[in-house]
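J.: You'll find data_26.txt just under this line, and it carries compact mmCIF, C-alpha atoms and all ligand atoms.
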```txt
# COMPACT_ATOMS: atom_id res chain seq x y z
CA MET A 1 52.46 -146.47 -46.85
CA GLN A 2 49.27 -144.39 -46.48
CA ARG A 3 50.68 -140.88 -46.73
CA PHE A 4 53.87 -139.27 -47.99
CA THR A 5 54.10 -136.10 -45.96
CA ASP A 6 57.47 -136.23 -44.14
CA LEU A 7 60.61 -138.37 -44.62
CA ALA A 8 60.99 -138.50 -40.83
CA GLU A 9 57.72 -140.43 -40.55
CA LEU A 10 59.05 -143.12 -42.88
CA GLY A 11 62.39 -143.91 -41.32
CA LEU A 12 65.61 -144.91 -43.03
CA GLU A 13 64.55 -148.37 -44.20
CA GLN A 14 61.40 -147.15 -45.96
CA VAL A 15 63.24 -144.24 -47.58
CA GLN A 16 65.85 -146.63 -48.93
CA GLU A 17 63.12 -148.95 -50.18
CA LEU A 18 61.50 -146.00 -52.04
CA LEU A 19 64.85 -145.07 -53.59
CA ALA A 20 65.42 -148.65 -54.72
CA LEU A 21 61.93 -148.62 -56.27
CA ALA A 22 62.73 -145.31 -58.03
CA ARG A 23 65.87 -146.87 -59.53
CA ARG A 24 63.92 -149.96 -60.56
CA LEU A 25 61.24 -147.90 -62.31
CA GLU A 26 63.98 -145.99 -64.14
CA SER A 27 65.62 -149.14 -65.46
CA ARG A 28 62.47 -151.27 -65.87
CA PRO A 29 59.46 -149.03 -66.65
CA GLU A 30 55.97 -150.29 -65.76
CA PRO A 31 53.69 -148.29 -68.07
CA ARG A 32 50.48 -150.01 -66.89
CA ALA A 33 51.21 -150.23 -63.15
CA LEU A 34 48.68 -147.54 -62.18
CA ALA A 35 46.17 -147.94 -65.02
CA GLY A 36 42.73 -146.75 -63.94
CA LYS A 37 44.11 -144.69 -61.02
CA VAL A 38 43.72 -140.92 -60.75
CA LEU A 39 46.05 -138.41 -59.06
CA GLY A 40 44.56 -135.09 -57.94
CA LEU A 41 46.96 -132.16 -57.54
CA LEU A 42 45.91 -129.08 -55.56
CA PHE A 43 48.28 -126.13 -55.87
CA MET A 44 47.54 -123.25 -53.52
CA ASN A 45 50.90 -121.80 -54.71
CA PRO A 46 52.81 -121.83 -58.03
CA SER A 47 55.01 -124.67 -59.25
CA LEU A 48 56.88 -125.87 -62.29
CA ARG A 49 58.79 -129.04 -61.33
CA THR A 50 56.38 -130.49 -58.79
CA LEU A 51 53.37 -130.05 -61.04
CA ALA A 52 54.97 -131.27 -64.27
CA SER A 53 56.92 -134.18 -62.75
CA PHE A 54 53.87 -135.55 -60.92
CA GLN A 55 51.69 -135.35 -64.03
CA SER A 56 54.43 -136.92 -66.13
CA GLY A 57 55.16 -139.62 -63.54
CA MET A 58 51.49 -140.59 -63.22
CA ALA A 59 51.17 -140.80 -67.02
CA ARG A 60 54.32 -142.93 -67.29
CA LEU A 61 52.77 -145.37 -64.82
CA GLY A 62 49.54 -145.57 -66.83
CA GLY A 63 47.39 -143.37 -64.58
CA ASP A 64 45.66 -140.03 -65.05
CA SER A 65 45.80 -136.75 -63.17
CA PHE A 66 43.99 -133.45 -62.75
CA VAL A 67 45.33 -130.14 -61.47
CA ILE A 68 43.41 -127.56 -59.45
CA THR A 69 44.79 -124.06 -58.91
CA PRO A 70 42.08 -122.32 -56.85
CA GLY A 71 41.06 -118.99 -58.29
CA GLN A 72 42.41 -119.82 -61.76
CA GLY A 73 39.43 -121.31 -63.51
CA THR A 74 38.06 -122.78 -60.27
CA TRP A 75 36.56 -121.16 -57.17
CA GLN A 76 38.93 -119.36 -54.86
CA PHE A 77 39.35 -121.28 -51.57
CA GLU A 78 38.89 -119.95 -48.06
CA THR A 79 41.10 -121.82 -45.57
CA ARG A 80 40.42 -119.97 -42.28
CA ASP A 81 38.18 -121.62 -39.71
CA GLY A 82 35.22 -119.49 -38.80
CA ALA A 83 35.71 -117.06 -41.69
CA VAL A 84 32.73 -114.90 -42.66
CA MET A 85 32.96 -115.45 -46.39
CA THR A 86 32.11 -112.06 -47.84
CA GLY A 87 35.34 -111.73 -49.88
CA ALA A 88 36.68 -113.24 -53.10
CA ALA A 89 36.70 -116.86 -51.90
CA ALA A 90 33.50 -118.64 -52.93
CA GLU A 91 34.34 -122.05 -51.47
CA HIS A 92 35.72 -123.24 -48.15
CA ILE A 93 38.26 -126.06 -48.06
CA ARG A 94 35.91 -127.92 -45.72
CA GLU A 95 33.69 -128.65 -48.72
CA GLY A 96 36.17 -128.20 -51.57
CA LEU A 97 38.85 -130.61 -50.34
CA PRO A 98 36.62 -133.62 -49.58
CA ALA A 99 34.92 -133.07 -52.95
CA LEU A 100 38.29 -133.10 -54.74
CA ALA A 101 39.47 -136.14 -52.78
CA SER A 102 36.36 -138.06 -53.82
CA TYR A 103 37.40 -137.75 -57.49
CA CYS A 104 40.86 -139.29 -57.13
CA ASP A 105 42.77 -142.20 -55.59
CA VAL A 106 45.61 -140.06 -54.24
CA LEU A 107 45.70 -136.32 -53.61
CA GLY A 108 48.73 -134.01 -53.50
CA ILE A 109 48.51 -130.63 -51.78
CA ARG A 110 50.88 -127.65 -52.01
CA ALA A 111 50.21 -125.04 -49.33
CA PHE A 112 53.13 -122.75 -48.49
CA ALA A 113 53.68 -120.96 -45.21
CA ALA A 114 51.62 -117.85 -44.54
CA GLY A 115 54.89 -116.41 -43.21
CA GLU A 116 53.21 -114.48 -40.39
CA ASP A 117 53.39 -116.71 -37.32
CA LEU A 118 56.55 -118.82 -36.94
CA GLU A 119 54.98 -121.15 -34.37
CA ALA A 120 52.01 -121.89 -36.64
CA ASP A 121 54.27 -122.50 -39.63
CA LEU A 122 56.67 -124.72 -37.64
CA ALA A 123 53.66 -126.79 -36.57
CA ASP A 124 52.51 -126.89 -40.22
CA ARG A 125 49.00 -126.02 -39.00
CA ARG A 126 47.57 -125.07 -42.38
CA PHE A 127 48.74 -128.27 -44.07
CA HIS A 128 47.57 -130.48 -41.21
CA ALA A 129 44.14 -128.80 -41.25
CA MET A 130 43.87 -129.56 -44.96
CA ALA A 131 45.23 -133.10 -44.56
CA ALA A 132 42.56 -133.83 -41.95
CA LEU A 133 39.91 -133.31 -44.64
CA VAL A 134 41.38 -135.96 -46.95
CA ASP A 135 40.28 -139.57 -46.48
CA ARG A 136 42.72 -141.22 -48.87
CA PRO A 137 46.44 -141.37 -49.73
CA LEU A 138 47.97 -137.92 -49.50
CA ILE A 139 51.21 -136.35 -50.72
CA ASN A 140 52.80 -133.17 -49.36
CA LEU A 141 53.80 -131.15 -52.43
CA GLU A 142 55.42 -128.54 -50.12
CA SER A 143 53.95 -127.21 -46.94
CA ALA A 144 55.03 -124.46 -44.55
CA ILE A 145 57.90 -126.48 -43.11
CA ASN A 146 58.43 -129.53 -45.30
CA HIS A 147 59.11 -130.56 -48.87
CA PRO A 148 59.52 -134.34 -48.70
CA CYS A 149 59.31 -134.84 -52.48
CA GLN A 150 62.29 -132.52 -52.97
CA ALA A 151 64.17 -134.20 -50.12
CA LEU A 152 63.62 -137.68 -51.58
CA ALA A 153 64.83 -136.58 -55.03
CA ASP A 154 67.84 -134.83 -53.46
CA TRP A 155 68.68 -137.99 -51.50
CA LYS A 156 68.70 -139.90 -54.78
CA THR A 157 70.90 -137.23 -56.39
CA LEU A 158 73.39 -137.53 -53.53
CA ASP A 159 73.34 -141.34 -53.80
CA GLU A 160 74.48 -140.96 -57.42
CA LEU A 161 77.68 -139.13 -56.40
CA PRO A 162 80.93 -140.98 -55.62
CA ALA A 163 80.61 -142.30 -52.05
CA GLY A 164 77.13 -140.74 -51.81
CA GLY A 165 78.51 -137.20 -51.79
CA ARG A 166 80.81 -138.20 -48.90
CA ARG A 167 80.42 -136.37 -45.63
CA LYS A 168 80.59 -132.58 -45.45
CA PHE A 169 77.28 -131.08 -46.54
CA VAL A 170 76.87 -127.30 -46.31
CA LEU A 171 73.40 -125.79 -46.50
CA SER A 172 74.16 -122.17 -47.37
CA TRP A 173 71.79 -119.23 -47.25
CA VAL A 174 71.87 -117.20 -50.46
CA TRP A 175 70.28 -113.87 -51.33
CA HIS A 176 66.77 -113.28 -52.64
CA PRO A 177 64.87 -110.01 -52.94
CA ARG A 178 62.31 -111.14 -50.38
CA ALA A 179 61.79 -113.59 -47.53
CA LEU A 180 61.14 -117.14 -48.73
CA PRO A 181 59.67 -120.00 -46.64
CA LEU A 182 61.62 -122.45 -44.48
CA ALA A 183 60.24 -125.64 -46.07
CA VAL A 184 63.22 -126.54 -48.25
CA PRO A 185 65.96 -125.62 -45.75
CA ALA A 186 64.14 -127.56 -43.02
CA ALA A 187 63.63 -130.61 -45.25
CA THR A 188 67.19 -130.43 -46.59
CA VAL A 189 68.99 -130.19 -43.27
CA HIS A 190 66.94 -133.13 -41.99
CA MET A 191 67.51 -135.21 -45.15
CA ALA A 192 71.30 -134.74 -45.05
CA ALA A 193 71.40 -135.49 -41.33
CA MET A 194 69.30 -138.62 -41.86
CA ARG A 195 71.84 -139.74 -44.49
CA GLY A 196 74.59 -139.52 -41.88
CA MET A 197 76.37 -136.49 -43.34
CA ASP A 198 78.21 -133.79 -41.37
CA VAL A 199 75.84 -130.92 -41.97
CA VAL A 200 76.87 -127.28 -41.57
CA VAL A 201 74.21 -124.59 -41.87
CA LEU A 202 75.91 -121.42 -43.14
CA ARG A 203 73.81 -118.28 -42.81
CA PRO A 204 74.19 -114.60 -41.92
CA GLU A 205 73.21 -113.33 -38.48
CA GLY A 206 69.43 -113.06 -38.20
CA TYR A 207 68.84 -116.06 -40.46
CA ALA A 208 69.50 -118.91 -38.03
CA LEU A 209 67.17 -121.84 -38.62
CA PRO A 210 64.59 -122.24 -35.83
CA GLU A 211 65.71 -124.37 -32.90
CA ALA A 212 62.89 -126.84 -33.59
CA VAL A 213 64.29 -127.45 -37.09
CA MET A 214 67.85 -127.83 -35.83
CA ALA A 215 66.83 -130.10 -32.95
CA ARG A 216 64.94 -132.41 -35.31
CA ALA A 217 67.97 -132.58 -37.61
CA ARG A 218 70.27 -133.28 -34.66
CA ARG A 219 68.04 -136.18 -33.60
CA ALA A 220 68.28 -137.61 -37.13
CA ALA A 221 72.06 -137.14 -37.08
CA ALA A 222 72.35 -138.87 -33.71
CA ALA A 223 70.59 -141.92 -35.18
CA SER A 224 72.66 -141.98 -38.38
CA GLY A 225 76.14 -141.11 -37.09
CA GLY A 226 76.16 -137.66 -38.70
CA SER A 227 76.30 -134.20 -37.13
CA VAL A 228 74.61 -130.81 -37.46
CA THR A 229 76.22 -127.44 -36.71
CA GLU A 230 75.54 -123.83 -37.67
CA THR A 231 77.79 -120.85 -38.38
CA ALA A 232 77.93 -117.40 -40.01
CA GLU A 233 81.60 -117.90 -40.98
CA ARG A 234 81.71 -118.66 -44.69
CA ALA A 235 85.37 -119.70 -44.82
CA VAL A 236 84.97 -122.13 -41.91
CA ALA A 237 81.81 -123.66 -43.33
CA LEU A 238 83.04 -124.12 -46.88
CA ALA A 239 86.53 -125.47 -46.16
CA GLY A 240 86.59 -129.09 -47.31
CA ALA A 241 82.89 -129.10 -48.29
CA HIS A 242 81.82 -132.00 -50.50
CA VAL A 243 78.36 -130.60 -51.27
CA VAL A 244 77.06 -127.04 -51.03
CA TYR A 245 73.28 -126.77 -51.13
CA ALA A 246 72.30 -123.15 -51.76
CA LYS A 247 68.90 -121.93 -50.58
CA GLU A 248 67.12 -118.66 -49.87
CA TRP A 249 64.97 -118.18 -46.76
CA GLY A 250 63.50 -115.41 -44.65
CA SER A 251 64.96 -113.93 -41.51
CA THR A 252 63.82 -115.90 -38.49
CA ARG A 253 64.67 -112.89 -36.29
CA HIS A 254 62.08 -110.87 -38.24
CA TYR A 255 59.59 -113.62 -39.10
CA GLY A 256 56.34 -112.04 -40.27
CA ASP A 257 57.98 -108.58 -40.31
CA GLY A 258 58.66 -107.83 -43.98
CA ALA A 259 60.22 -104.43 -43.30
CA GLY A 260 62.60 -105.87 -40.69
CA ASP A 261 63.65 -108.66 -43.04
CA GLN A 262 64.19 -106.20 -45.90
CA ALA A 263 66.36 -103.95 -43.74
CA LEU A 264 68.52 -106.91 -42.78
CA ARG A 265 68.89 -108.45 -46.24
CA ARG A 266 69.69 -105.12 -47.92
CA ALA A 267 73.36 -105.47 -46.91
CA LEU A 268 73.62 -109.17 -47.82
CA GLN A 269 73.70 -109.10 -51.61
CA ASP A 270 77.21 -110.54 -51.61
CA TRP A 271 75.59 -113.84 -50.52
CA CYS A 272 75.49 -114.92 -54.14
CA LEU A 273 77.28 -118.26 -54.57
CA ARG A 274 80.27 -117.78 -56.88
CA ASP A 275 83.16 -120.03 -57.89
CA ASP A 276 85.52 -118.21 -55.51
CA TRP A 277 83.38 -119.33 -52.54
CA LEU A 278 84.52 -122.87 -53.33
CA ALA A 279 88.28 -122.25 -53.46
CA ALA A 280 88.87 -124.20 -50.23
CA ALA A 281 86.10 -126.76 -50.79
CA ALA A 282 86.87 -130.33 -51.86
CA GLY A 283 88.13 -130.47 -55.45
CA ASP A 284 85.03 -132.35 -56.56
CA CYS A 285 82.61 -130.29 -54.46
CA ARG A 286 79.16 -130.18 -56.07
CA VAL A 287 76.48 -127.49 -55.85
CA MET A 288 72.77 -128.14 -55.35
CA HIS A 289 69.64 -125.98 -55.40
CA CYS A 290 66.01 -127.10 -55.55
CA LEU A 291 65.04 -124.48 -58.21
CA PRO A 292 63.67 -122.06 -59.17
CA VAL A 293 66.83 -120.00 -58.72
CA ARG A 294 67.55 -116.37 -59.56
CA ARG A 295 70.75 -116.25 -61.62
CA ASN A 296 73.49 -113.87 -60.43
CA SER A 297 71.41 -113.00 -57.42
CA ALA A 298 71.39 -116.32 -55.52
CA ILE A 299 73.90 -118.31 -57.62
CA ALA A 300 76.24 -116.93 -60.30
CA ASP A 301 76.11 -118.10 -63.92
CA GLU A 302 79.65 -119.48 -63.59
CA VAL A 303 78.44 -121.96 -60.93
CA LEU A 304 75.09 -122.87 -62.48
CA ASP A 305 76.68 -123.42 -65.90
CA GLY A 306 79.83 -125.05 -64.51
CA PRO A 307 80.75 -128.67 -63.80
CA ARG A 308 79.88 -128.49 -60.11
CA SER A 309 76.17 -127.87 -60.68
CA LEU A 310 73.68 -130.67 -59.94
CA VAL A 311 70.55 -128.55 -60.25
CA LEU A 312 69.23 -130.18 -63.42
CA ARG A 313 69.92 -133.68 -62.09
CA GLN A 314 67.96 -132.76 -58.95
CA ALA A 315 65.07 -131.55 -61.09
CA TYR A 316 65.16 -134.74 -63.18
CA ASN A 317 65.22 -136.93 -60.06
CA ARG A 318 61.88 -135.49 -58.97
CA LEU A 319 60.35 -137.74 -61.65
CA PRO A 320 61.58 -141.22 -60.61
CA ALA A 321 61.38 -140.38 -56.90
CA GLN A 322 57.75 -139.32 -57.17
CA MET A 323 56.89 -142.28 -59.41
CA ALA A 324 58.11 -144.48 -56.57
CA VAL A 325 55.91 -142.58 -54.10
CA LEU A 326 52.83 -142.95 -56.34
CA TYR A 327 53.54 -146.64 -56.91
CA ARG A 328 53.97 -147.34 -53.21
CA LEU A 329 50.82 -145.39 -52.24
CA LEU A 330 48.60 -146.99 -54.87
CA ARG A 331 49.87 -150.59 -55.16
CA HIS A 332 49.86 -152.44 -51.88
N1 LIG B 401 61.68 -127.34 -56.31
C1 LIG B 401 60.36 -127.25 -56.56
O1 LIG B 401 59.51 -127.72 -55.79
O2 LIG B 401 60.06 -126.65 -57.73
P1 LIG B 401 58.62 -126.06 -58.10
O3 LIG B 401 58.30 -125.00 -57.08
O4 LIG B 401 58.79 -125.50 -59.47
O5 LIG B 401 57.63 -127.17 -58.04
```
Translate the structure described by the file into structure tokens.
T.:
Amino acid sequence: MQRFTDLAELGLEQVQELLALARRLESRPEPRALAGKVLGLLFMNPSLRTLASFQSGMARLGGDSFVITPGQGTWQFETRDGAVMTGAAAEHIREGLPALASYCDVLGIRAFAAGEDLEADLADRRFHAMAALVDRPLINLESAINHPCQALADWKTLDELPAGGRRKFVLSWVWHPRALPLAVPAATVHMAAMRGMDVVVLRPEGYALPEAVMARARRAAAASGGSVTETAERAVALAGAHVVYAKEWGSTRHYGDGAGDQALRRALQDWCLRDDWLAAAAGDCRVMHCLPVRRNSAIADEVLDGPRSLVLRQAYNRLPAQMAVLYRLLRH
């Protein structure tokens, strides 16, 4: 494996091999496996779990890491081709990224969606432009349209449930004060489809996932024996659900139009996941969220603090899943 940027590029067999490696490293630690190796982490956007779990994972394997947050103690980066650099950015990624890559054995990059041009974000243009400047193993720490590290950890979390979480997986839109990117919903719907689950995307009108995201998930479902559907009907979606994955995202009808999105979401504050949403779900239905989550705005305290919640297990699983990724990228 040369790069970890998209679960779809790996295929089922390689994903399962990574998960087996994650379980092995949990039960039989290898504290010297990556001695002498260095992980570079470039965060163009904030993080808690991704940053801390990668640094911790690299240390637990005997390696070292450094973190760069441009503009916070280091030069601010310009990412636009052809920019006339008269503003705050002192360094272009065309120099900055190869320089960073030359100091490490594997580089992780987080670069969220600009949220202005849906086509550009669906094509992950910004991430691919950055990736093209890196001449060594690369990890996607969350790009405009993908979060493979989260998806791998979530896959492991589902594997830990009775019968792998069984079949009905609902990805439900929940409220947030502003439009958030599509990376996690896109990665999640694909991950669950790749696992062969019956995936239902529940979202209000105006928040349908882009057809390109749904089509990719449907292709994964066709290969795995699962299915992918979409609805705005909460009762229909949640009836019999085994897993409800809550996530916030921006209106695709008003992509890049903050005022349009705000006008639409103003009336949607009842999309806060509460216990009563799950009255007709399976008795052992579990609730997932990638975190960070806004309590009593996206998910109610009663759910997050209740027995259905898997959010802390998901956060924990970032560690072994990413250790497996580092191990596989750096030990051939
Ligand atoms: N879920 C996730 O990626 O968390 P952070 O943004 O805190 O890294």
J.: Using only C-alpha atoms, which of A:Gly196, A:Gly115, A:Gly63, A:Gly164 sits nearest A:Ala179?
T.: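 Checking each of A:Gly196, A:Gly115, A:Gly63, A:Gly164 against A:Ala179, counting only C-alpha atoms, the winner is A:Gly115.
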J.: Work out how far apart atom CA of A:Val243 and atom CA of A:Gly165 are and give it in Å to one decimal.
T.: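 Separation between atom CA of A:Val243 and atom CA of A:Gly165: 6.6 Å.
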J.: Calculate how many Å separate atom CA of A:Ala321 from atom CA of A:Leu19, rounding to one decimal.
T.: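 Interatomic distance here is 6.7 Å.
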J.: Residues near A:Trp249, anyone? I mean within 7 Å using only C-alpha atoms, not counting same-chain ones fewer than 4 positions away, as a list in words.
T.: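 The residues satisfying every condition are Trp173, Ala179, Leu180, Pro181 and Leu182 of chain A.
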J.: Keeping only C-alpha atoms, write the selected residues to a file as a CSV table (one decimal), keeping the file's coordinate frame.
T.:
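This went into result10.csv:
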```csv
chain,number,residue,atom,x,y,z
A,173,TRP,CA,71.8,-119.2,-47.2
A,179,ALA,CA,61.8,-113.6,-47.5
A,180,LEU,CA,61.1,-117.1,-48.7
A,181,PRO,CA,59.7,-120.0,-46.6
A,182,LEU,CA,61.6,-122.4,-44.5
```
J.: Counting only C-alpha atoms and all ligand atoms, which residues of chain A sit at most 10 Å from some atom of ligand LIG 401 (chain B), and what is each one's closest atom pair with its distance in Å to one decimal, listed by chain and rising residue number, as JSON lines?
T.:
```
{"residue": "A:Phe43", "atom": "CA", "partner": "B:LIG401", "partner_atom": "O5", "distance": 9.7}
{"residue": "A:Asn45", "atom": "CA", "partner": "B:LIG401", "partner_atom": "O3", "distance": 8.4}
{"residue": "A:Pro46", "atom": "CA", "partner": "B:LIG401", "partner_atom": "O3", "distance": 6.4}
{"residue": "A:Ser47", "atom": "CA", "partner": "B:LIG401", "partner_atom": "O5", "distance": 3.8}
{"residue": "A:Leu48", "atom": "CA", "partner": "B:LIG401", "partner_atom": "O4", "distance": 3.4}
{"residue": "A:Arg49", "atom": "CA", "partner": "B:LIG401", "partner_atom": "O5", "distance": 4.0}
{"residue": "A:Thr50", "atom": "CA", "partner": "B:LIG401", "partner_atom": "O5", "distance": 3.6}
{"residue": "A:Leu51", "atom": "CA", "partner": "B:LIG401", "partner_atom": "O5", "distance": 6.0}
{"residue": "A:Ala52", "atom": "CA", "partner": "B:LIG401", "partner_atom": "O5", "distance": 7.9}
{"residue": "A:Ser53", "atom": "CA", "partner": "B:LIG401", "partner_atom": "O5", "distance": 8.5}
{"residue": "A:Phe54", "atom": "CA", "partner": "B:LIG401", "partner_atom": "O5", "distance": 9.6}
{"residue": "A:Arg110", "atom": "CA", "partner": "B:LIG401", "partner_atom": "O5", "distance": 9.1}
{"residue": "A:Leu141", "atom": "CA", "partner": "B:LIG401", "partner_atom": "O1", "distance": 7.5}
{"residue": "A:Glu142", "atom": "CA", "partner": "B:LIG401", "partner_atom": "O1", "distance": 7.0}
{"residue": "A:His147", "atom": "CA", "partner": "B:LIG401", "partner_atom": "O1", "distance": 7.5}
{"residue": "A:Pro148", "atom": "CA", "partner": "B:LIG401", "partner_atom": "O1", "distance": 9.7}
{"residue": "A:Cys149", "atom": "CA", "partner": "B:LIG401", "partner_atom": "O1", "distance": 7.9}
{"residue": "A:Gln150", "atom": "CA", "partner": "B:LIG401", "partner_atom": "N1", "distance": 6.2}
{"residue": "A:Ala151", "atom": "CA", "partner": "B:LIG401", "partner_atom": "N1", "distance": 9.6}
{"residue": "A:Ala153", "atom": "CA", "partner": "B:LIG401", "partner_atom": "N1", "distance": 9.8}
{"residue": "A:Ala183", "atom": "CA", "partner": "B:LIG401", "partner_atom": "O1", "distance": 10.0}
{"residue": "A:Val184", "atom": "CA", "partner": "B:LIG401", "partner_atom": "N1", "distance": 8.2}
{"residue": "A:His289", "atom": "CA", "partner": "B:LIG401", "partner_atom": "N1", "distance": 8.1}
{"residue": "A:Cys290", "atom": "CA", "partner": "B:LIG401", "partner_atom": "N1", "distance": 4.4}
{"residue": "A:Leu291", "atom": "CA", "partner": "B:LIG401", "partner_atom": "N1", "distance": 4.8}
{"residue": "A:Pro292", "atom": "CA", "partner": "B:LIG401", "partner_atom": "O4", "distance": 6.0}
{"residue": "A:Val293", "atom": "CA", "partner": "B:LIG401", "partner_atom": "N1", "distance": 9.3}
{"residue": "A:Val311", "atom": "CA", "partner": "B:LIG401", "partner_atom": "N1", "distance": 9.8}
{"residue": "A:Gln314", "atom": "CA", "partner": "B:LIG401", "partner_atom": "N1", "distance": 8.7}
{"residue": "A:Ala315", "atom": "CA", "partner": "B:LIG401", "partner_atom": "N1", "distance": 7.2}
{"residue": "A:Arg318", "atom": "CA", "partner": "B:LIG401", "partner_atom": "N1", "distance": 8.6}
```
J.: Restricting it to C-alpha atoms, dump the selection as a PDB file, in the coordinates of the input.
T.:
```pdb
ATOM      1  CA  PHE A  43      48.280-126.130 -55.870  1.00  0.00           C
ATOM      2  CA  ASN A  45      50.900-121.800 -54.710  1.00  0.00           C
ATOM      3  CA  PRO A  46      52.810-121.830 -58.030  1.00  0.00           C
ATOM      4  CA  SER A  47      55.010-124.670 -59.250  1.00  0.00           C
ATOM      5  CA  LEU A  48      56.880-125.870 -62.290  1.00  0.00           C
ATOM      6  CA  ARG A  49      58.790-129.040 -61.330  1.00  0.00           C
ATOM      7  CA  THR A  50      56.380-130.490 -58.790  1.00  0.00           C
ATOM      8  CA  LEU A  51      53.370-130.050 -61.040  1.00  0.00           C
ATOM      9  CA  ALA A  52      54.970-131.270 -64.270  1.00  0.00           C
ATOM     10  CA  SER A  53      56.920-134.180 -62.750  1.00  0.00           C
ATOM     11  CA  PHE A  54      53.870-135.550 -60.920  1.00  0.00           C
ATOM     12  CA  ARG A 110      50.880-127.650 -52.010  1.00  0.00           C
ATOM     13  CA  LEU A 141      53.800-131.150 -52.430  1.00  0.00           C
ATOM     14  CA  GLU A 142      55.420-128.540 -50.120  1.00  0.00           C
ATOM     15  CA  HIS A 147      59.110-130.560 -48.870  1.00  0.00           C
ATOM     16  CA  PRO A 148      59.520-134.340 -48.700  1.00  0.00           C
ATOM     17  CA  CYS A 149      59.310-134.840 -52.480  1.00  0.00           C
ATOM     18  CA  GLN A 150      62.290-132.520 -52.970  1.00  0.00           C
ATOM     19  CA  ALA A 151      64.170-134.200 -50.120  1.00  0.00           C
ATOM     20  CA  ALA A 153      64.830-136.580 -55.030  1.00  0.00           C
ATOM     21  CA  ALA A 183      60.240-125.640 -46.070  1.00  0.00           C
ATOM     22  CA  VAL A 184      63.220-126.540 -48.250  1.00  0.00           C
ATOM     23  CA  HIS A 289      69.640-125.980 -55.400  1.00  0.00           C
ATOM     24  CA  CYS A 290      66.010-127.100 -55.550  1.00  0.00           C
ATOM     25  CA  LEU A 291      65.040-124.480 -58.210  1.00  0.00           C
ATOM     26  CA  PRO A 292      63.670-122.060 -59.170  1.00  0.00           C
ATOM     27  CA  VAL A 293      66.830-120.000 -58.720  1.00  0.00           C
ATOM     28  CA  VAL A 311      70.550-128.550 -60.250  1.00  0.00           C
ATOM     29  CA  GLN A 314      67.960-132.760 -58.950  1.00  0.00           C
ATOM     30  CA  ALA A 315      65.070-131.550 -61.090  1.00  0.00           C
ATOM     31  CA  ARG A 318      61.880-135.490 -58.970  1.00  0.00           C
TER      32      ARG A 318
END
```
J.: Which is closest to A:Arg294 among A:Leu273, A:Ala186, A:Ala215, A:Ala279, if we use only C-alpha atoms?
T.: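 That would be A:Leu273, the residue with the smallest distance to A:Arg294.
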J.: List the neighbours of A:Arg331 out to 10 Å using only C-alpha atoms; skip same-chain residues closer than 4 positions along the sequence, and give me the result as a list in words.
T.: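 Non-adjacent residues within range: Met1, Ala33, Leu34, Leu326 and Tyr327 of chain A.
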J.: Kindly export the residues of the current selection with C-alpha atoms, as a PDB file, in the frame of the given file.
T.:
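File produced: selection29.pdb:
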```pdb
ATOM      1  CA  MET A   1      52.460-146.470 -46.850  1.00  0.00           C
ATOM      2  CA  ALA A  33      51.210-150.230 -63.150  1.00  0.00           C
ATOM      3  CA  LEU A  34      48.680-147.540 -62.180  1.00  0.00           C
ATOM      4  CA  LEU A 326      52.830-142.950 -56.340  1.00  0.00           C
ATOM      5  CA  TYR A 327      53.540-146.640 -56.910  1.00  0.00           C
TER       6      TYR A 327
END
```
J.: Please indicate the distance in Å from atom CA of A:Tyr103 to atom CA of A:Gly73, rounded to one decimal place.
T.: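 Computed distance, atom CA of A:Tyr103 to atom CA of A:Gly73, equals 17.6 Å.
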J.: Compile the contact shell of A:Tyr255 as a list in words: residues with an atom at most 8 Å away, counting only C-alpha atoms, same-chain residues fewer than 6 positions apart removed.
T.: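 With the cut-off at 8 Å, the set is Gly115, Glu116, Asp117, Leu118 and Asp261 of chain A.
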J.: Which one of A:Leu278, A:Ala59, A:Ala129, A:Leu107 sits closest to A:Ile93 if you count all atoms listed in the file?
T.: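 For A:Ile93, the nearest of the given residues is A:Ala129.
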J.: Between A:Ala114, A:Leu161, A:Val84, A:Ala144, which one has atoms that come closest to A:Pro185, using all atoms listed in the file?
T.: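 Checking each of A:Ala114, A:Leu161, A:Val84, A:Ala144 against A:Pro185, counting all atoms listed in the file, the winner is A:Ala144.
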J.: Give me, as a ChimeraX atom specification, all polymer residues having an atom no more than 10 Å from A:Gly36, counting only C-alpha atoms and skipping those fewer than 5 positions away in the same chain.
T.: /A:62-64,105
J.: Write out as a VMD selection string the residues lying within 10 Å of A:Ala88, counting only C-alpha atoms and excluding same-chain residues fewer than 6 positions away.
T.: chain A and resid 71 75 to 78
J.: Under the rule that only C-alpha atoms are counted, which of A:Ala298, A:Leu209, A:Val38, A:Ala222 is the nearest residue to A:Leu330?
T.: A:Val38
J.: Place a sphere of radius 10 Å on (72.7, -137.8, -39.0) in the file coordinates and name every protein, DNA or RNA residue with an atom inside or on its surface, counting all atoms listed in the file; give the answer as an MDAnalysis selection string.
T.: chainID A and resid 189:199 217:228
